[in-house]
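First up is the structure itself, then whatever we jot down about it.
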Amino acid sequence: MNISTQSLRLTVNGRDVELRSPPLTRLAHALRDELALTGTKIGCDAGDCGACTVLLDGEQVCACMVPVAQAAGRAVTTVEGLAENGTLSPLQDAFHRHGAAQCGICTPGMLMAASDLLARTPKPSEAEALDALGGVLCRCTGYRKIVEAVLDVAGVSTDEVVDETPVSGSAVGARMAKVDGQAKIDGSEIYGADAAPDDALWLRVVRSPHARARFSLGDLDGLRVRCPGLAAIYSGRDVPGSNSFGVYPVGKDQPVLALNEVRYRGEAVLALVGDKASVEAIRDEDVPIDWRVLEPVIGMAAAGADGATLVQEGKAGNVLARGLVQKGDIDAGFKAADHVAEGQFETSFVEHAYIEPEAGWARRVGERIELHVSTQAPYMDRDETAHVLGIDKSQVRVVPTACGGGFGGKLDVAVQPLIALAAWLLDRPVRCTFTRPESMASSTKRHPARITARAGCTADGKLTAFEFHGDFDTGAYASWGPTVADRVPVHATGPYVVPHVRNTSTALHTNGPPAGAFRGFGVPQSAIAYEALYDELAERCGIDQLEFRLINAIRPGQPTATGQIIEVSAPLADCLEAMKSRWRALSDEVAAFNARANGTRRGIGIGGMWYGCGNTSMSNPSTMGIGINAEGRPMLYNGAVDMGQGPNTIMVQIAADALGAPAAAFDVVMGDTDLTADAGKSSASRQTFVSGKAAQLAGEDLRRQILRLANVGDDASIELGLGRLVVRDGAGERAIDLAALKANEAGDVLTGEGTFDPPTTPLDANGQGSPYATYGFGAHIAVVEVDEALGTVKVLRVVAAHDVGKAINPVQLEGQIHGGVAQGLGLALMEEYLPGRTENLHDYLIPTFGDVPPIETILIEDPEPLGPYGAKGIGEQALIPTAAAIFGAIRNATGARIRFAPATPHRVRAAILEARKQKDASHA
Ligand code: FES
Ligand code: FES
């Protein structure tokens, strides 16, 4: 092997290739940049995530850690090499059938690791599969369906898989494979970092290394002279419109590029634009910035202290927003209680850890700007870009790429205003991909919570009163802080009937990273508190924990904490009833284990949840469109971004049945703001419920028009033919010649549209009203094993029952639940973002294959009359009760009250010792 020459020969996917990259170039970059094999993904570029896994002479390696010189003369196989003549390999096919790919960004790496395993061990055990795939991280799936797929292709087991393509009228309810699944599995899907025009410049952001500082810029012209590859250096002064963004129209408090002052570590200060090599060669210390470091406000205690430094001028007491829900007479409620439980709870910053870092590119097209980005909210991106550039919204086009995971973190803009600014001013395409540490330092987080709560009940277990206050660390900028402050008091009592309630919340600014939207908007943190208190009350009443929840579960016709009466579809009790037999059997197993165990203890816990689908007390509309072109092919114009959670498929299933056409006939265009109507953001568990209803209405609208054209009755069938539609009813058959109809700009000759805005009411001064049109309910059981000496916790089993209204696609629902449980497990036991200390996927731990236990899912169908075919959302619901159930199980095992998430071993150990101390004291 000669590494001094400028070209290297190797075999890639059976083809001899010559690479001209320098010998130390990492193989992942050479494959992507030189050979355009972008199926190999880069999630961390540091050997931590496994997204870049390829086979080198048949063995899995992280291609981001292998210099190309090491691959010289050897055989490399990437995901593009798995399919033969366009036919998926059996392994890829198994992934497709099992729904093993959600966002798909980890899928190539998973497939390559599994290929290595199956080549060595054709019939692996589950343990061998977990071990062999353990180096690849997935943030979406909870791993279970990946394991199922691998064992299926090995012939070891065959769990339930997808249905054959459903025929006309049977798409809703079918276990249909993802309509966009193949591209995620064969490596052809294009994510934010995968493509850009050849002449695109590279943008790199210079960020603050300090949590709080003032700064002045030095001789930037000198830097430009020293670095001829630099095309431009932009500061906040170069922003042509408003140097600010933020999700609320009145809360645009975050600068695109900070001016004079930074408020959190990782804040953007300058954008360097030029050829990639030149821009990346500039070290931060080469950039002339004069920092004056100031004492930061870290943590909520500091932010709320008397005389605390203000993180933002004008925000008195560092308060961003407050929330309140109160009803009844809280004092009378506690007076009526025979038992009262209370406690303080804390949680940490949690990182979204989507495997795809923020990425995209932009170009100027005349007086318009076009962005191709990974996003959850293309219309919000459009509006923010127009605001930053000082142009009209109609001058901005956002074309979402595939999104490699979001979970709320890609609701806020990241690369968008920066690449738009540079492309607009330079009139050159500009691309940007955040590094992993940059992504983690700069992006929003789950709000840390500091909660004080108490709950009272009668001796027979009926809740009488609940009081809650939660402070939430919203970091330096507003992001979704007001949403958390609004949503938490509504949900803080849990899905139970409580006559007397007082729930308050405060979102406080600190010099931490901005906390934003993360699957649940503060509700998972609240669930940790309310479920712990209900466990204690159940114990004091001598009532089984599940029974206690059944006694208090909200049922149709009963009031929530905001006084809203949910008339139908409030089936928490059904979820609990469905879990009863598992609860009892698992409780017996736990007791039997503990009777013979020594050193480790097992425990079982339960957590309940509810979650309002959509925005809180706000208009929240979605519009969807369907067109049929002259060839007779239907197109769904779907503005609801699919970040892996499945709207591309769900919307097709709904639209197909509403139209009366086979789902397989549909093409989909997703999220392009020039082509699709606004379907709102993919968040708040709203897309299936809100956009799904819009898709149903669009399908019905189109169907009505077709039937009218054919002059037939409502029950006629529609058959899509080449260039014509054949409509049949009892009276016979009519053909509609599509070529004879006038086509619109998109080429459609027939179109249907549907809009749905779920009915809500504003909350009054006491937080009373109907903030959501519907709620999803559910409960999780967790079984854990605790090593009492070490404080380590292993989750052995989860049972998750969820009310989904109507299961549009059970495979997708199971996948969402698995992924939610995995993220809930991470929240409970390991995830803690510490600025400057856990800014990579090595130090910041997320659940891996070995951490996620078998998960049994139970889908409860109690149709929601407003939803599409009765359906509700599931995205946030699936995560909310997991941590609460795990903490309940730890308490059941050891007596330890877990009051801080994550319950890392040292905290669990301390809680166990504290519990023993209290027990000894009570016996003394
Ligand atoms: S990109 Fe190579 S391990 Fe993460
Ligand atoms: S499907 Fe694995 S990270 Fe999204």
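By order of appearance in the structure tokens: chains A, B, ..., then residues from 1 within every chain, and ligands from 1 in the order shown.
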Go through the chains and note each residue within 8 Å of ligand 2, using only C-alpha atoms and all ligand atoms, then give the set as JSON, numbers by chain. {"A": [100, 101, 102, 103, 104, 105, 106, 107, 137, 138, 139, 140, 141, 143, 354, 355, 356, 404, 405, 644]}
Can you tell me, as a list of chain:residue names, what residues are no more than 6 Å from segment 826-838 of chain A when counting only C-alpha atoms, ignoring any on the same chain fewer than 2 positions away?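 The contact residues come out as A:Ser348, A:Phe349, A:Val350, A:Gln823, A:Gly824, A:Asn840, A:Asp843, A:Tyr844, A:Leu845, A:Ile846, A:Pro847, A:Ala883, A:Ala901, A:Pro902, A:Ala903, A:Thr904.
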Residues within 6 Å of ligand 1 (only C-alpha atoms and all ligand atoms), as a ChimeraX atom specification? /A:42-52,62-64
Using only C-alpha atoms, the residue out of A:Leu790, A:Leu859, A:Ala910, A:Ala316 with shortest distance to Gly805 of chain A is A:Leu859
Contacts between segment 539-555 of chain A and segment 472-532 of chain A, please, where a residue of segment 472-532 of chain A counts if it comes within 9 Å (with only C-alpha atoms); show its shortest atom pair and distance in Å to one decimal, rows by chain and ascending number, as JSON lines.
{"residue": "A:Gly494", "atom": "CA", "partner": "A:Ala553", "partner_atom": "CA", "distance": 9.0}
{"residue": "A:Pro495", "atom": "CA", "partner": "A:Ile554", "partner_atom": "CA", "distance": 5.9}
{"residue": "A:Tyr496", "atom": "CA", "partner": "A:Ala553", "partner_atom": "CA", "distance": 4.4}
{"residue": "A:Val497", "atom": "CA", "partner": "A:Ile554", "partner_atom": "CA", "distance": 5.2}
{"residue": "A:Val498", "atom": "CA", "partner": "A:Asn552", "partner_atom": "CA", "distance": 7.9}
Looking at A:Gln525, A:Ser479, A:Thr77, A:Ser208, which one is nearest to Thr882 of chain A, with distances taken over only C-alpha atoms? A:Gln525
Extract, using only C-alpha atoms, all DNA, RNA and protein residues at most 12 Å from segment 736-746 of chain A, discarding same-chain residues fewer than 5 positions from it, and format them as a PyMOL selection string. chain A and resi 625-637+669+674-676+705-711+718-728+751
Print the selection's residues with C-alpha atoms to a file, as a PDB file, in the first residue's frame.
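Saved as part-v6.pdb:
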ATOM      1  CA  GLY A 625     -54.853  18.852  -1.727  1.00  0.00           C
ATOM      2  CA  ILE A 626     -55.235  15.982  -4.165  1.00  0.00           C
ATOM      3  CA  GLY A 627     -54.938  16.217  -7.922  1.00  0.00           C
ATOM      4  CA  ILE A 628     -55.459  13.721 -10.714  1.00  0.00           C
ATOM      5  CA  ASN A 629     -53.389  14.320 -13.825  1.00  0.00           C
ATOM      6  CA  ALA A 630     -54.321  13.583 -17.418  1.00  0.00           C
ATOM      7  CA  GLU A 631     -52.766  10.120 -17.131  1.00  0.00           C
ATOM      8  CA  GLY A 632     -55.147   9.276 -14.319  1.00  0.00           C
ATOM      9  CA  ARG A 633     -52.535   9.305 -11.575  1.00  0.00           C
ATOM     10  CA  PRO A 634     -53.516  10.883  -8.237  1.00  0.00           C
ATOM     11  CA  MET A 635     -51.054  13.133  -6.437  1.00  0.00           C
ATOM     12  CA  LEU A 636     -51.355  13.977  -2.759  1.00  0.00           C
ATOM     13  CA  TYR A 637     -50.115  17.483  -2.054  1.00  0.00           C
ATOM     14  CA  VAL A 669     -45.239  15.682  -2.919  1.00  0.00           C
ATOM     15  CA  ASP A 674     -44.757  26.314  -3.690  1.00  0.00           C
ATOM     16  CA  LEU A 675     -46.696  23.128  -4.326  1.00  0.00           C
ATOM     17  CA  THR A 676     -48.479  22.174  -1.128  1.00  0.00           C
ATOM     18  CA  GLN A 705     -66.547  16.242  -8.083  1.00  0.00           C
ATOM     19  CA  ILE A 706     -65.862  13.039  -9.986  1.00  0.00           C
ATOM     20  CA  LEU A 707     -69.254  11.605  -9.139  1.00  0.00           C
ATOM     21  CA  ARG A 708     -70.907  14.856 -10.166  1.00  0.00           C
ATOM     22  CA  LEU A 709     -69.035  14.850 -13.479  1.00  0.00           C
ATOM     23  CA  ALA A 710     -70.192  11.299 -14.083  1.00  0.00           C
ATOM     24  CA  ASN A 711     -73.659  12.176 -12.809  1.00  0.00           C
ATOM     25  CA  ILE A 718     -64.108   4.955  -9.154  1.00  0.00           C
ATOM     26  CA  GLU A 719     -61.495   3.136 -11.190  1.00  0.00           C
ATOM     27  CA  LEU A 720     -58.325   4.914 -12.225  1.00  0.00           C
ATOM     28  CA  GLY A 721     -57.381   4.063 -15.788  1.00  0.00           C
ATOM     29  CA  LEU A 722     -54.697   5.316 -18.126  1.00  0.00           C
ATOM     30  CA  GLY A 723     -56.011   8.697 -19.257  1.00  0.00           C
ATOM     31  CA  ARG A 724     -59.506   8.076 -17.981  1.00  0.00           C
ATOM     32  CA  LEU A 725     -61.622   7.404 -14.956  1.00  0.00           C
ATOM     33  CA  VAL A 726     -64.256   4.725 -15.020  1.00  0.00           C
ATOM     34  CA  VAL A 727     -67.143   5.332 -12.648  1.00  0.00           C
ATOM     35  CA  ARG A 728     -69.616   2.555 -11.941  1.00  0.00           C
ATOM     36  CA  THR A 751     -58.435  18.615  -7.858  1.00  0.00           C
TER      37      THR A 751
END
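The nearest approach to Ala154 of chain A among the residues A:Gly888, A:Gly142, A:Pro122, A:Pro647, with only C-alpha atoms taken into account, belongs to A:Pro122.
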Please provide as a ChimeraX atom specification all residues within 12 Å of Gln645 of chain A, with the sequence filter that same-chain residues fewer than 4 positions apart are discarded (counting only C-alpha atoms). /A:99-104,139-141,178,180-181,376,402-408,519,640-641,649-651,682-683,685-688,809,811-820,873-876,878
Please, could you write that set of residues out with C-alpha atoms as an mmCIF file, in the first residue's frame?
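Output saved as part32.cif:
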data_model
loop_
_atom_site.group_PDB
_atom_site.id
_atom_site.type_symbol
_atom_site.label_atom_id
_atom_site.label_comp_id
_atom_site.auth_asym_id
_atom_site.auth_seq_id
_atom_site.Cartn_x
_atom_site.Cartn_y
_atom_site.Cartn_z
ATOM 1 C CA GLY A 99 -41.355 -0.930 9.423
ATOM 2 C CA ALA A 100 -37.776 -1.016 10.706
ATOM 3 C CA ALA A 101 -36.959 2.358 9.152
ATOM 4 C CA GLN A 102 -38.693 5.464 10.389
ATOM 5 C CA CYS A 103 -36.726 8.577 9.464
ATOM 6 C CA GLY A 104 -34.257 6.202 7.822
ATOM 7 C CA ARG A 139 -33.341 7.647 17.815
ATOM 8 C CA CYS A 140 -36.691 6.785 16.205
ATOM 9 C CA THR A 141 -37.547 3.117 16.340
ATOM 10 C CA LYS A 178 -44.222 3.207 4.091
ATOM 11 C CA ASP A 180 -41.430 6.371 0.974
ATOM 12 C CA GLY A 181 -39.836 3.323 2.558
ATOM 13 C CA GLN A 376 -40.408 19.913 10.585
ATOM 14 C CA ALA A 402 -35.986 13.999 3.863
ATOM 15 C CA CYS A 403 -35.736 14.682 7.582
ATOM 16 C CA GLY A 404 -33.484 12.418 9.619
ATOM 17 C CA GLY A 405 -35.372 12.817 12.866
ATOM 18 C CA GLY A 406 -36.756 15.903 14.549
ATOM 19 C CA PHE A 407 -38.834 15.197 17.682
ATOM 20 C CA GLY A 408 -39.515 18.934 17.997
ATOM 21 C CA ARG A 519 -42.033 15.486 22.281
ATOM 22 C CA ALA A 640 -47.368 17.672 6.625
ATOM 23 C CA VAL A 641 -43.661 16.935 6.919
ATOM 24 C CA THR A 649 -48.091 7.051 4.351
ATOM 25 C CA ILE A 650 -50.923 7.870 6.761
ATOM 26 C CA MET A 651 -52.201 10.723 4.584
ATOM 27 C CA SER A 682 -45.272 18.440 12.426
ATOM 28 C CA SER A 683 -45.587 18.720 16.171
ATOM 29 C CA SER A 685 -49.340 15.122 17.811
ATOM 30 C CA ARG A 686 -51.455 17.033 15.352
ATOM 31 C CA GLN A 687 -50.682 15.666 11.897
ATOM 32 C CA THR A 688 -52.756 12.471 11.948
ATOM 33 C CA ASN A 809 -51.685 2.069 10.327
ATOM 34 C CA VAL A 811 -47.217 -0.773 12.076
ATOM 35 C CA GLN A 812 -46.546 2.934 12.243
ATOM 36 C CA LEU A 813 -48.296 3.214 15.588
ATOM 37 C CA GLU A 814 -46.245 0.391 17.077
ATOM 38 C CA GLY A 815 -43.105 2.046 15.763
ATOM 39 C CA GLN A 816 -44.060 5.385 17.281
ATOM 40 C CA ILE A 817 -44.785 3.721 20.613
ATOM 41 C CA HIS A 818 -41.497 1.802 20.594
ATOM 42 C CA GLY A 819 -39.590 4.987 19.797
ATOM 43 C CA GLY A 820 -41.458 6.961 22.443
ATOM 44 C CA GLY A 873 -52.241 11.460 17.265
ATOM 45 C CA ILE A 874 -49.624 9.306 18.999
ATOM 46 C CA GLY A 875 -46.273 11.117 18.629
ATOM 47 C CA GLU A 876 -45.925 12.684 22.073
ATOM 48 C CA ALA A 878 -45.915 7.400 23.426
#
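The protein and nucleic acid residues lying at most 8 Å from segment 439-444 of chain A are Arg265, Gly266, Glu267, Ala268, Glu351, Ala353, Pro357, Glu358, Gly409, Asp412, Ala414, Ser479, Pro513, Pro514, Ala515, Gly516, Ala517, Pro835, Gly836, Glu839 and Asn840 of chain A, with only C-alpha atoms considered and sequence neighbours fewer than 6 positions away removed.
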If you keep C-alpha atoms, can you produce a file of those selected residues as a tab-separated table (two decimals), in the first residue's frame?
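Here's the written file part.tsv:
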chain	number	residue	atom	x	y	z
A	265	ARG	CA	-22.61	28.70	24.77
A	266	GLY	CA	-22.96	27.79	21.12
A	267	GLU	CA	-24.73	30.96	20.00
A	268	ALA	CA	-23.96	31.97	16.40
A	351	GLU	CA	-31.01	16.68	23.77
A	353	ALA	CA	-30.12	13.65	19.41
A	357	PRO	CA	-27.52	17.03	12.15
A	358	GLU	CA	-29.14	20.19	10.81
A	409	GLY	CA	-35.92	20.04	17.53
A	412	ASP	CA	-36.94	26.01	15.14
A	414	ALA	CA	-31.11	26.40	12.40
A	479	SER	CA	-38.35	29.35	21.34
A	513	PRO	CA	-29.29	26.63	25.64
A	514	PRO	CA	-32.73	27.68	24.41
A	515	ALA	CA	-35.22	25.04	25.47
A	516	GLY	CA	-37.92	24.41	22.92
A	517	ALA	CA	-40.23	21.75	21.64
A	835	PRO	CA	-23.28	22.54	27.99
A	836	GLY	CA	-19.61	22.11	27.23
A	839	GLU	CA	-21.87	17.93	23.33
A	840	ASN	CA	-21.28	14.68	21.47
From a backbone DSSP assignment, name each residue in segment 232-382 of chain A labelled strand (DSSP E), as JSON, numbers by chain. {"A": [232, 233, 234, 261, 262, 268, 269, 270, 271, 272, 273, 274, 289, 290, 291, 292, 293, 319, 320, 321, 322, 323, 324, 325, 326, 327, 339, 340, 341, 342, 343, 344, 345, 346, 347, 350, 351, 359, 360, 361, 362, 363, 364, 365, 368, 369, 370, 371, 372, 373]}
As number ranges by chain, list the residues of segment 5-129 of chain A assigned to helix (DSSP H, G or I) by DSSP on the backbone atoms of this structure. A: 27-34, 63-65, 68-71, 79-81, 90-98, 107-120, 126-129
Include N, CA and C atoms and write out the residues we just selected as a short mmCIF file (atom, residue, chain, number, x, y, z; two decimals), in the first residue's frame.
data_model
loop_
_atom_site.label_atom_id
_atom_site.label_comp_id
_atom_site.auth_asym_id
_atom_site.auth_seq_id
_atom_site.Cartn_x
_atom_site.Cartn_y
_atom_site.Cartn_z
N LEU A 27 -12.99 7.67 4.95
CA LEU A 27 -13.68 6.90 3.91
C LEU A 27 -15.11 7.40 3.71
N ALA A 28 -15.80 7.74 4.81
CA ALA A 28 -17.20 8.18 4.68
C ALA A 28 -17.28 9.42 3.79
N HIS A 29 -16.35 10.33 3.96
CA HIS A 29 -16.36 11.56 3.15
C HIS A 29 -16.01 11.25 1.71
N ALA A 30 -15.05 10.38 1.50
CA ALA A 30 -14.66 10.05 0.12
C ALA A 30 -15.83 9.38 -0.60
N LEU A 31 -16.49 8.47 0.08
CA LEU A 31 -17.63 7.79 -0.56
C LEU A 31 -18.69 8.80 -0.95
N ARG A 32 -18.97 9.72 -0.04
CA ARG A 32 -20.05 10.69 -0.29
C ARG A 32 -19.62 11.76 -1.29
N ASP A 33 -18.44 12.34 -1.07
CA ASP A 33 -18.06 13.52 -1.85
C ASP A 33 -17.47 13.15 -3.20
N GLU A 34 -16.72 12.05 -3.25
CA GLU A 34 -16.06 11.73 -4.52
C GLU A 34 -16.87 10.77 -5.35
N ALA A 63 -17.11 4.17 8.77
CA ALA A 63 -16.35 4.75 7.66
C ALA A 63 -15.85 6.15 7.99
N CYS A 64 -16.41 6.77 9.02
CA CYS A 64 -15.91 8.11 9.38
C CYS A 64 -14.60 8.02 10.15
N MET A 65 -14.21 6.80 10.54
CA MET A 65 -12.97 6.64 11.31
C MET A 65 -11.87 5.97 10.49
N VAL A 68 -8.94 6.79 3.95
CA VAL A 68 -9.09 6.07 2.68
C VAL A 68 -7.85 5.22 2.37
N ALA A 69 -6.70 5.68 2.85
CA ALA A 69 -5.47 4.91 2.59
C ALA A 69 -5.60 3.49 3.13
N GLN A 70 -6.34 3.37 4.24
CA GLN A 70 -6.51 2.05 4.84
C GLN A 70 -7.41 1.15 4.00
N ALA A 71 -8.20 1.77 3.14
CA ALA A 71 -9.13 0.98 2.32
C ALA A 71 -8.51 0.62 0.97
N VAL A 79 -24.50 0.68 1.42
CA VAL A 79 -25.91 0.30 1.29
C VAL A 79 -26.33 0.22 -0.17
N GLU A 80 -25.70 1.02 -1.02
CA GLU A 80 -26.07 1.00 -2.44
C GLU A 80 -25.69 -0.34 -3.08
N GLY A 81 -24.83 -1.09 -2.41
CA GLY A 81 -24.39 -2.36 -2.97
C GLY A 81 -25.23 -3.54 -2.53
N PRO A 90 -33.02 -9.59 0.55
CA PRO A 90 -33.96 -10.09 1.56
C PRO A 90 -33.90 -9.30 2.87
N LEU A 91 -32.69 -8.86 3.24
CA LEU A 91 -32.57 -8.08 4.48
C LEU A 91 -33.27 -6.73 4.34
N GLN A 92 -33.03 -6.07 3.22
CA GLN A 92 -33.70 -4.78 2.99
C GLN A 92 -35.22 -4.97 2.96
N ASP A 93 -35.63 -6.03 2.30
CA ASP A 93 -37.07 -6.30 2.20
C ASP A 93 -37.67 -6.52 3.59
N ALA A 94 -36.93 -7.22 4.44
CA ALA A 94 -37.42 -7.45 5.80
C ALA A 94 -37.54 -6.13 6.57
N PHE A 95 -36.57 -5.25 6.40
CA PHE A 95 -36.67 -3.92 7.04
C PHE A 95 -37.93 -3.20 6.56
N HIS A 96 -38.19 -3.29 5.28
CA HIS A 96 -39.35 -2.61 4.70
C HIS A 96 -40.65 -3.20 5.27
N ARG A 97 -40.73 -4.51 5.29
CA ARG A 97 -41.96 -5.16 5.73
C ARG A 97 -42.21 -4.96 7.22
N HIS A 98 -41.16 -4.86 8.00
CA HIS A 98 -41.33 -4.73 9.46
C HIS A 98 -41.45 -3.28 9.91
N THR A 107 -30.68 3.84 8.93
CA THR A 107 -30.98 2.56 8.29
C THR A 107 -29.81 2.00 7.48
N PRO A 108 -29.12 2.80 6.67
CA PRO A 108 -27.98 2.22 5.95
C PRO A 108 -26.96 1.59 6.88
N GLY A 109 -26.66 2.29 7.96
CA GLY A 109 -25.70 1.74 8.91
C GLY A 109 -26.21 0.46 9.56
N MET A 110 -27.50 0.45 9.89
CA MET A 110 -28.11 -0.76 10.47
C MET A 110 -28.01 -1.93 9.49
N LEU A 111 -28.34 -1.65 8.24
CA LEU A 111 -28.33 -2.71 7.24
C LEU A 111 -26.93 -3.29 7.07
N MET A 112 -25.93 -2.41 7.10
CA MET A 112 -24.57 -2.91 6.89
C MET A 112 -24.10 -3.73 8.09
N ALA A 113 -24.44 -3.26 9.29
CA ALA A 113 -24.07 -4.03 10.49
C ALA A 113 -24.78 -5.38 10.48
N ALA A 114 -26.06 -5.37 10.06
CA ALA A 114 -26.82 -6.63 10.02
C ALA A 114 -26.27 -7.56 8.94
N SER A 115 -25.81 -6.98 7.83
CA SER A 115 -25.23 -7.80 6.76
C SER A 115 -24.00 -8.53 7.26
N ASP A 116 -23.19 -7.80 8.01
CA ASP A 116 -21.98 -8.40 8.58
C ASP A 116 -22.37 -9.56 9.50
N LEU A 117 -23.35 -9.31 10.36
CA LEU A 117 -23.80 -10.35 11.29
C LEU A 117 -24.27 -11.60 10.55
N LEU A 118 -25.15 -11.38 9.57
CA LEU A 118 -25.77 -12.53 8.90
C LEU A 118 -24.76 -13.31 8.05
N ALA A 119 -23.73 -12.61 7.58
CA ALA A 119 -22.70 -13.32 6.82
C ALA A 119 -21.92 -14.24 7.74
N ARG A 120 -21.70 -13.78 8.97
CA ARG A 120 -20.92 -14.60 9.91
C ARG A 120 -21.79 -15.62 10.64
N GLU A 126 -31.29 -13.58 19.41
CA GLU A 126 -31.59 -12.17 19.62
C GLU A 126 -30.40 -11.47 20.28
N ALA A 127 -29.77 -12.16 21.23
CA ALA A 127 -28.63 -11.55 21.92
C ALA A 127 -27.49 -11.27 20.93
N GLU A 128 -27.28 -12.18 19.99
CA GLU A 128 -26.21 -11.95 19.00
C GLU A 128 -26.58 -10.78 18.09
N ALA A 129 -27.85 -10.66 17.76
CA ALA A 129 -28.27 -9.52 16.92
C ALA A 129 -28.08 -8.22 17.67
#
So that each row is one residue of segment 423-494 of chain A with an atom at most 6 Å from segment 321-333 of chain A, can you give its shortest atom pair and the distance in Å to one decimal, using only C-alpha atoms, rows by chain and rising number, as a tab-separated table?
residue	atom	partner	partner_atom	distance
A:Thr464	CA	A:Gly333	CA	5.1
A:Ala465	CA	A:Gly333	CA	4.7
A:Pro482	CA	A:Ala321	CA	5.5
A:Ala485	CA	A:Gly323	CA	5.1
A:Asp486	CA	A:Gly323	CA	5.0
A:Pro489	CA	A:Val325	CA	5.6
Please save all heavy atoms of the selected residues as a PDB file, in the first residue's frame.
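Output file result11.pdb is given in full below:
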ATOM      1  N   THR A 464     -59.157  14.453  45.627  1.00  0.00           N
ATOM      2  CA  THR A 464     -59.942  15.629  46.026  1.00  0.00           C
ATOM      3  C   THR A 464     -59.267  16.928  45.586  1.00  0.00           C
ATOM      4  O   THR A 464     -59.954  17.913  45.326  1.00  0.00           O
ATOM      5  CB  THR A 464     -60.089  15.686  47.562  1.00  0.00           C
ATOM      6  OG1 THR A 464     -58.771  15.755  48.136  1.00  0.00           O
ATOM      7  CG2 THR A 464     -60.823  14.461  48.089  1.00  0.00           C
ATOM      8  N   ALA A 465     -57.948  16.936  45.550  1.00  0.00           N
ATOM      9  CA  ALA A 465     -57.254  18.193  45.267  1.00  0.00           C
ATOM     10  C   ALA A 465     -55.876  17.915  44.685  1.00  0.00           C
ATOM     11  O   ALA A 465     -55.252  16.888  44.996  1.00  0.00           O
ATOM     12  CB  ALA A 465     -57.110  19.011  46.548  1.00  0.00           C
ATOM     13  N   PRO A 482     -43.202  29.639  25.818  1.00  0.00           N
ATOM     14  CA  PRO A 482     -44.598  29.967  26.164  1.00  0.00           C
ATOM     15  C   PRO A 482     -45.540  28.778  25.970  1.00  0.00           C
ATOM     16  O   PRO A 482     -46.508  28.627  26.720  1.00  0.00           O
ATOM     17  CB  PRO A 482     -44.931  31.111  25.182  1.00  0.00           C
ATOM     18  CG  PRO A 482     -43.611  31.745  24.871  1.00  0.00           C
ATOM     19  CD  PRO A 482     -42.634  30.604  24.843  1.00  0.00           C
ATOM     20  N   ALA A 485     -45.207  26.662  29.019  1.00  0.00           N
ATOM     21  CA  ALA A 485     -45.867  27.305  30.169  1.00  0.00           C
ATOM     22  C   ALA A 485     -47.383  27.177  30.075  1.00  0.00           C
ATOM     23  O   ALA A 485     -48.071  27.040  31.092  1.00  0.00           O
ATOM     24  CB  ALA A 485     -45.460  28.776  30.248  1.00  0.00           C
ATOM     25  N   ASP A 486     -47.925  27.212  28.864  1.00  0.00           N
ATOM     26  CA  ASP A 486     -49.381  27.072  28.674  1.00  0.00           C
ATOM     27  C   ASP A 486     -49.842  25.630  28.843  1.00  0.00           C
ATOM     28  O   ASP A 486     -50.881  25.354  29.425  1.00  0.00           O
ATOM     29  CB  ASP A 486     -49.784  27.496  27.252  1.00  0.00           C
ATOM     30  CG  ASP A 486     -49.795  28.997  27.095  1.00  0.00           C
ATOM     31  OD1 ASP A 486     -49.712  29.696  28.122  1.00  0.00           O
ATOM     32  OD2 ASP A 486     -49.866  29.459  25.940  1.00  0.00           O
ATOM     33  N   PRO A 489     -49.797  23.456  32.822  1.00  0.00           N
ATOM     34  CA  PRO A 489     -50.859  23.491  33.843  1.00  0.00           C
ATOM     35  C   PRO A 489     -52.125  22.745  33.416  1.00  0.00           C
ATOM     36  O   PRO A 489     -52.835  22.212  34.262  1.00  0.00           O
ATOM     37  CB  PRO A 489     -51.145  24.992  34.001  1.00  0.00           C
ATOM     38  CG  PRO A 489     -49.946  25.684  33.488  1.00  0.00           C
ATOM     39  CD  PRO A 489     -49.394  24.813  32.403  1.00  0.00           C
TER      40      PRO A 489
END
Residues near segment 601-618 of chain A, cut-off 6 Å, only C-alpha atoms, skip fewer than 3 positions along chain, as a ChimeraX atom specification: /A:495,531,590,594,684-686,760-762,771-772,774-786,881,884-885,888-890,892-893
Report as JSON lines the residues of segment 376-494 of chain A within 10 Å of segment 289-303 of chain A, each with its shortest atom pair and distance in Å (one decimal), using only C-alpha atoms, ordered by chain and increasing residue number.
{"residue": "A:Pro448", "atom": "CA", "partner": "A:Met300", "partner_atom": "CA", "distance": 8.9}
{"residue": "A:Ala449", "atom": "CA", "partner": "A:Met300", "partner_atom": "CA", "distance": 8.8}
{"residue": "A:Arg450", "atom": "CA", "partner": "A:Met300", "partner_atom": "CA", "distance": 7.9}
{"residue": "A:Asp471", "atom": "CA", "partner": "A:Met300", "partner_atom": "CA", "distance": 7.3}
{"residue": "A:Phe472", "atom": "CA", "partner": "A:Met300", "partner_atom": "CA", "distance": 7.5}
{"residue": "A:Asp473", "atom": "CA", "partner": "A:Met300", "partner_atom": "CA", "distance": 6.0}
{"residue": "A:Thr474", "atom": "CA", "partner": "A:Met300", "partner_atom": "CA", "distance": 9.2}
{"residue": "A:Gly475", "atom": "CA", "partner": "A:Gly299", "partner_atom": "CA", "distance": 8.8}
{"residue": "A:Ala476", "atom": "CA", "partner": "A:Val297", "partner_atom": "CA", "distance": 9.4}
